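See below for work09.pdb, which holds PDB, C-alpha atoms, pLDDT in the B column.
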```pdb
ATOM      1  CA  MET A   1    -327.254 -62.599-235.623  1.00 54.00           C
ATOM      2  CA  ASP A   2    -324.766 -63.214-238.414  1.00 58.00           C
ATOM      3  CA  ASP A   3    -321.521 -65.241-238.458  1.00 60.00           C
ATOM      4  CA  MET A   4    -319.362 -62.212-237.682  1.00 67.00           C
ATOM      5  CA  ASP A   5    -320.837 -61.805-234.182  1.00 75.00           C
ATOM      6  CA  GLU A   6    -319.775 -65.312-233.002  1.00 81.00           C
ATOM      7  CA  ILE A   7    -316.419 -66.149-231.450  1.00 81.00           C
ATOM      8  CA  ASN A   8    -314.439 -68.844-233.239  1.00 85.00           C
ATOM      9  CA  ILE A   9    -312.725 -70.943-230.540  1.00 87.00           C
ATOM     10  CA  VAL A  10    -311.132 -73.546-232.848  1.00 88.00           C
ATOM     11  CA  PRO A  11    -307.801 -71.653-233.102  1.00 88.00           C
ATOM     12  CA  LEU A  12    -307.788 -71.214-229.312  1.00 89.00           C
ATOM     13  CA  VAL A  13    -308.287 -74.950-228.801  1.00 91.00           C
ATOM     14  CA  ASP A  14    -305.489 -75.704-231.284  1.00 92.00           C
ATOM     15  CA  VAL A  15    -303.070 -73.396-229.468  1.00 92.00           C
ATOM     16  CA  MET A  16    -303.998 -74.864-226.068  1.00 92.00           C
ATOM     17  CA  LEU A  17    -303.439 -78.432-227.314  1.00 93.00           C
ATOM     18  CA  VAL A  18    -299.991 -77.507-228.632  1.00 92.00           C
ATOM     19  CA  LEU A  19    -299.088 -75.857-225.307  1.00 92.00           C
ATOM     20  CA  LEU A  20    -300.368 -78.889-223.389  1.00 90.00           C
ATOM     21  CA  THR A  21    -298.241 -81.193-225.557  1.00 89.00           C
ATOM     22  CA  ILE A  22    -295.137 -79.088-224.931  1.00 86.00           C
ATOM     23  CA  VAL A  23    -295.717 -79.026-221.159  1.00 84.00           C
ATOM     24  CA  LEU A  24    -296.308 -82.785-220.939  1.00 81.00           C
ATOM     25  CA  THR A  25    -293.259 -83.575-223.063  1.00 78.00           C
ATOM     26  CA  THR A  26    -291.026 -81.310-220.987  1.00 75.00           C
ATOM     27  CA  ALA A  27    -292.379 -82.768-217.729  1.00 73.00           C
ATOM     28  CA  THR A  28    -291.593 -86.280-218.983  1.00 66.00           C
ATOM     29  CA  PHE A  29    -287.988 -85.323-219.751  1.00 63.00           C
ATOM     30  CA  VAL A  30    -287.528 -83.763-216.317  1.00 57.00           C
ATOM     31  CA  VAL A  31    -288.957 -86.819-214.496  1.00 56.00           C
ATOM     32  CA  ASN A  32    -286.834 -89.263-216.508  1.00 54.00           C
ATOM     33  CA  GLY A  33    -283.703 -87.160-216.033  1.00 52.00           C
ATOM     34  CA  ARG A  34    -282.991 -86.842-219.739  1.00 50.00           C
ATOM     35  CA  ILE A  35    -282.460 -83.094-219.684  1.00 52.00           C
ATOM     36  CA  PRO A  36    -278.779 -82.437-218.945  1.00 59.00           C
ATOM     37  CA  VAL A  37    -278.321 -80.257-215.880  1.00 59.00           C
ATOM     38  CA  ASP A  38    -275.093 -79.008-214.351  1.00 62.00           C
ATOM     39  CA  LEU A  39    -275.860 -79.522-210.658  1.00 63.00           C
ATOM     40  CA  ALA A  40    -274.682 -77.103-208.015  1.00 66.00           C
ATOM     41  CA  LYS A  41    -271.864 -78.239-205.728  1.00 74.00           C
ATOM     42  CA  ALA A  42    -271.974 -78.464-201.929  1.00 72.00           C
ATOM     43  CA  SER A  43    -269.267 -79.603-199.539  1.00 73.00           C
ATOM     44  CA  ALA A  44    -271.700 -81.085-197.007  1.00 70.00           C
ATOM     45  CA  ALA A  45    -273.823 -83.050-199.489  1.00 63.00           C
ATOM     46  CA  ALA A  46    -274.318 -86.747-198.869  1.00 65.00           C
ATOM     47  CA  PRO A  47    -273.158 -89.046-201.649  1.00 66.00           C
ATOM     48  CA  ALA A  48    -275.857 -90.280-203.995  1.00 63.00           C
ATOM     49  CA  GLN A  49    -277.172 -93.708-203.154  1.00 66.00           C
ATOM     50  CA  PRO A  50    -276.647 -96.218-205.951  1.00 70.00           C
ATOM     51  CA  ALA A  51    -279.721 -97.855-207.394  1.00 78.00           C
ATOM     52  CA  PRO A  52    -280.354-101.277-205.876  1.00 83.00           C
ATOM     53  CA  LEU A  53    -279.869-104.453-207.854  1.00 86.00           C
ATOM     54  CA  VAL A  54    -283.234-106.018-208.625  1.00 87.00           C
ATOM     55  CA  LEU A  55    -283.389-109.803-208.794  1.00 88.00           C
ATOM     56  CA  THR A  56    -286.667-111.115-210.199  1.00 88.00           C
ATOM     57  CA  LEU A  57    -287.735-114.742-209.814  1.00 87.00           C
ATOM     58  CA  THR A  58    -290.733-115.647-211.973  1.00 87.00           C
ATOM     59  CA  GLN A  59    -293.258-118.381-211.325  1.00 84.00           C
ATOM     60  CA  HIS A  60    -291.407-120.535-213.883  1.00 85.00           C
ATOM     61  CA  GLN A  61    -288.150-120.189-211.889  1.00 85.00           C
ATOM     62  CA  ALA A  62    -286.626-117.813-214.483  1.00 87.00           C
ATOM     63  CA  LEU A  63    -284.135-115.418-212.885  1.00 90.00           C
ATOM     64  CA  TYR A  64    -283.538-111.839-214.031  1.00 90.00           C
ATOM     65  CA  LEU A  65    -281.066-109.216-212.842  1.00 90.00           C
ATOM     66  CA  ASN A  66    -282.304-105.689-213.579  1.00 88.00           C
ATOM     67  CA  ASP A  67    -284.707-107.140-216.193  1.00 85.00           C
ATOM     68  CA  GLU A  68    -281.931-109.062-217.980  1.00 87.00           C
ATOM     69  CA  PRO A  69    -282.042-112.891-217.984  1.00 89.00           C
ATOM     70  CA  VAL A  70    -279.438-114.528-215.739  1.00 88.00           C
ATOM     71  CA  SER A  71    -278.077-118.042-216.108  1.00 89.00           C
ATOM     72  CA  ASP A  72    -275.188-117.818-213.602  1.00 90.00           C
ATOM     73  CA  LEU A  73    -275.998-115.686-210.561  1.00 88.00           C
ATOM     74  CA  ALA A  74    -272.435-115.517-209.234  1.00 88.00           C
ATOM     75  CA  GLU A  75    -271.088-114.397-212.613  1.00 89.00           C
ATOM     76  CA  ALA A  76    -273.807-111.753-213.002  1.00 88.00           C
ATOM     77  CA  LEU A  77    -273.287-110.309-209.504  1.00 88.00           C
ATOM     78  CA  LYS A  78    -269.497-110.192-209.522  1.00 87.00           C
ATOM     79  CA  ALA A  79    -269.531-106.866-211.396  1.00 85.00           C
ATOM     80  CA  TYR A  80    -271.247-105.189-208.417  1.00 87.00           C
ATOM     81  CA  ALA A  81    -269.884-104.275-204.982  1.00 86.00           C
ATOM     82  CA  VAL A  82    -271.057-106.476-202.117  1.00 86.00           C
ATOM     83  CA  SER A  83    -272.249-103.346-200.287  1.00 86.00           C
ATOM     84  CA  THR A  84    -274.906-102.801-202.988  1.00 86.00           C
ATOM     85  CA  ASN A  85    -278.529-103.180-201.923  1.00 88.00           C
ATOM     86  CA  VAL A  86    -280.212-106.205-203.498  1.00 89.00           C
ATOM     87  CA  VAL A  87    -283.994-106.266-203.863  1.00 87.00           C
ATOM     88  CA  VAL A  88    -285.595-109.641-204.570  1.00 87.00           C
ATOM     89  CA  ARG A  89    -288.893-109.664-206.441  1.00 86.00           C
ATOM     90  CA  ALA A  90    -290.390-113.137-206.313  1.00 84.00           C
ATOM     91  CA  ASP A  91    -293.669-114.235-207.852  1.00 83.00           C
ATOM     92  CA  GLY A  92    -296.252-114.864-205.132  1.00 81.00           C
ATOM     93  CA  SER A  93    -297.084-118.297-206.506  1.00 82.00           C
ATOM     94  CA  ILE A  94    -293.596-119.800-206.157  1.00 82.00           C
ATOM     95  CA  ALA A  95    -292.684-122.020-203.251  1.00 81.00           C
ATOM     96  CA  LEU A  96    -291.083-120.355-200.267  1.00 82.00           C
ATOM     97  CA  ALA A  97    -288.141-122.743-200.630  1.00 84.00           C
ATOM     98  CA  ALA A  98    -287.211-121.267-204.030  1.00 85.00           C
ATOM     99  CA  PHE A  99    -287.182-117.742-202.594  1.00 82.00           C
ATOM    100  CA  VAL A 100    -285.137-118.787-199.545  1.00 86.00           C
ATOM    101  CA  GLU A 101    -282.661-120.620-201.790  1.00 88.00           C
ATOM    102  CA  LEU A 102    -282.202-117.491-203.923  1.00 88.00           C
ATOM    103  CA  VAL A 103    -281.654-115.259-200.878  1.00 88.00           C
ATOM    104  CA  ASP A 104    -279.171-117.793-199.457  1.00 90.00           C
ATOM    105  CA  LYS A 105    -277.208-117.772-202.738  1.00 89.00           C
ATOM    106  CA  VAL A 106    -277.068-113.962-202.737  1.00 89.00           C
ATOM    107  CA  LYS A 107    -275.951-113.829-199.101  1.00 90.00           C
ATOM    108  CA  ALA A 108    -273.358-116.562-199.703  1.00 90.00           C
ATOM    109  CA  LEU A 109    -271.822-114.301-202.362  1.00 90.00           C
ATOM    110  CA  GLY A 110    -271.233-111.664-199.646  1.00 90.00           C
ATOM    111  CA  TYR A 111    -274.240-109.376-200.136  1.00 88.00           C
ATOM    112  CA  THR A 112    -275.661-108.448-196.733  1.00 87.00           C
ATOM    113  CA  GLN A 113    -278.320-105.896-197.668  1.00 87.00           C
ATOM    114  CA  VAL A 114    -280.973-108.141-199.230  1.00 87.00           C
ATOM    115  CA  SER A 115    -284.640-107.191-199.090  1.00 83.00           C
ATOM    116  CA  LEU A 116    -287.900-108.463-200.518  1.00 81.00           C
ATOM    117  CA  GLU A 117    -290.222-106.355-202.654  1.00 79.00           C
ATOM    118  CA  VAL A 118    -293.903-106.970-202.009  1.00 73.00           C
ATOM    119  CA  LYS A 119    -297.154-105.410-203.184  1.00 73.00           C
ATOM    120  CA  ARG A 120    -299.117-103.520-200.539  1.00 69.00           C
ATOM    121  CA  GLN A 121    -302.741-104.609-200.179  1.00 58.00           C
TER     122      GLN A 121
END
```

Any chance you could put this one into structure tokens?
Amino acid sequence: MDDMDEINIVPLVDVMLVLLTIVLTTATFVVNGRIPVDLAKASAAAPAQPAPLVLTLTQHQALYLNDEPVSDLAEALKAYAVSTNVVVRADGSIALAAFVELVDKVKALGYTQVSLEVKRQ
């Protein structure tokens, strides 16, 4: 059997890898919402729910709002409506008192929808 009777699959593999790259890249854009889309309109559609504010309290008592460091909680939250959902992510090793104090501060500022994010076992 000579070399002419064999099938060369290297070009096929190259084409498939390029197609796979294109599909994965496009899927990433769709998931992240980076592809601009003119959405259809409906009169009975419910309004979009705003993303919740995420407060993170680290084990070293550092406070972050949406992954940005916060020094004054009241000043950082005043740009948001009090009807906004607030999710508190607290490190599992911190004292319960620190978490309760943070939730009390948020509720004292008028935010009523405060929840805790936990990791499911």

task = Could you give me, as a list in words, the residues within 8 Å of Leu53 in chain A, counting only C-alpha atoms and dropping anything in the same chain fewer than 2 positions from it?
result =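 The contact residues come out as Ala51, Leu55, Leu65, Asn66, Thr84, Asn85, Val86 and Val87 of chain A.
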
Compile a residue-level contact table for range 37-85 of chain A against range 91-100 of chain A at a cut-off of 10 Å, reporting for every qualifying residue the shortest atom pair and its distance in Å to one decimal, with only C-alpha atoms counted, rows ordered by chain and ascending number, as JSON lines.
```
{"residue": "A:Thr56", "atom": "CA", "partner": "A:Asp91", "partner_atom": "CA", "distance": 8.0}
{"residue": "A:Leu57", "atom": "CA", "partner": "A:Asp91", "partner_atom": "CA", "distance": 6.3}
{"residue": "A:Thr58", "atom": "CA", "partner": "A:Asp91", "partner_atom": "CA", "distance": 5.3}
{"residue": "A:Gln59", "atom": "CA", "partner": "A:Ile94", "partner_atom": "CA", "distance": 5.4}
{"residue": "A:His60", "atom": "CA", "partner": "A:Ile94", "partner_atom": "CA", "distance": 8.1}
{"residue": "A:Gln61", "atom": "CA", "partner": "A:Ile94", "partner_atom": "CA", "distance": 7.9}
```

request  = Point out the residue among A:Leu19, A:Ile9, A:Ala62, A:Ala27 with the least atom-to-atom distance to Ala90 in chain A, counting only C-alpha atoms.
outcome  =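 Looking only at the distances to Ala90 in chain A, the closest residue turns out to be A:Ala62.
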
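Here CA of Ser83 in chain A is placed at a distance of 22.0 Å from CA of Val118 in chain A.
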
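Coordinates place CA of Glu117 in chain A at a distance of 21.8 Å from CA of Asp72 in chain A.
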
Ref. answer, residues at most 9 Å from (-276.9, -109.5, -198.1) with all atoms listed in the file, as a CSV table (one decimal) with C-alpha atoms, in the frame of the given file:
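The result, stored in point_32.csv:
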```
chain,number,residue,atom,x,y,z
A,82,VAL,CA,-271.1,-106.5,-202.1
A,83,SER,CA,-272.2,-103.3,-200.3
A,84,THR,CA,-274.9,-102.8,-203.0
A,85,ASN,CA,-278.5,-103.2,-201.9
A,86,VAL,CA,-280.2,-106.2,-203.5
A,103,VAL,CA,-281.7,-115.3,-200.9
A,104,ASP,CA,-279.2,-117.8,-199.5
A,106,VAL,CA,-277.1,-114.0,-202.7
A,107,LYS,CA,-276.0,-113.8,-199.1
A,108,ALA,CA,-273.4,-116.6,-199.7
A,109,LEU,CA,-271.8,-114.3,-202.4
A,110,GLY,CA,-271.2,-111.7,-199.6
A,111,TYR,CA,-274.2,-109.4,-200.1
A,112,THR,CA,-275.7,-108.4,-196.7
A,113,GLN,CA,-278.3,-105.9,-197.7
A,114,VAL,CA,-281.0,-108.1,-199.2
A,115,SER,CA,-284.6,-107.2,-199.1
```

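CA of Asp67 in chain A is positioned 7.8 Å from CA of Val54 in chain A.
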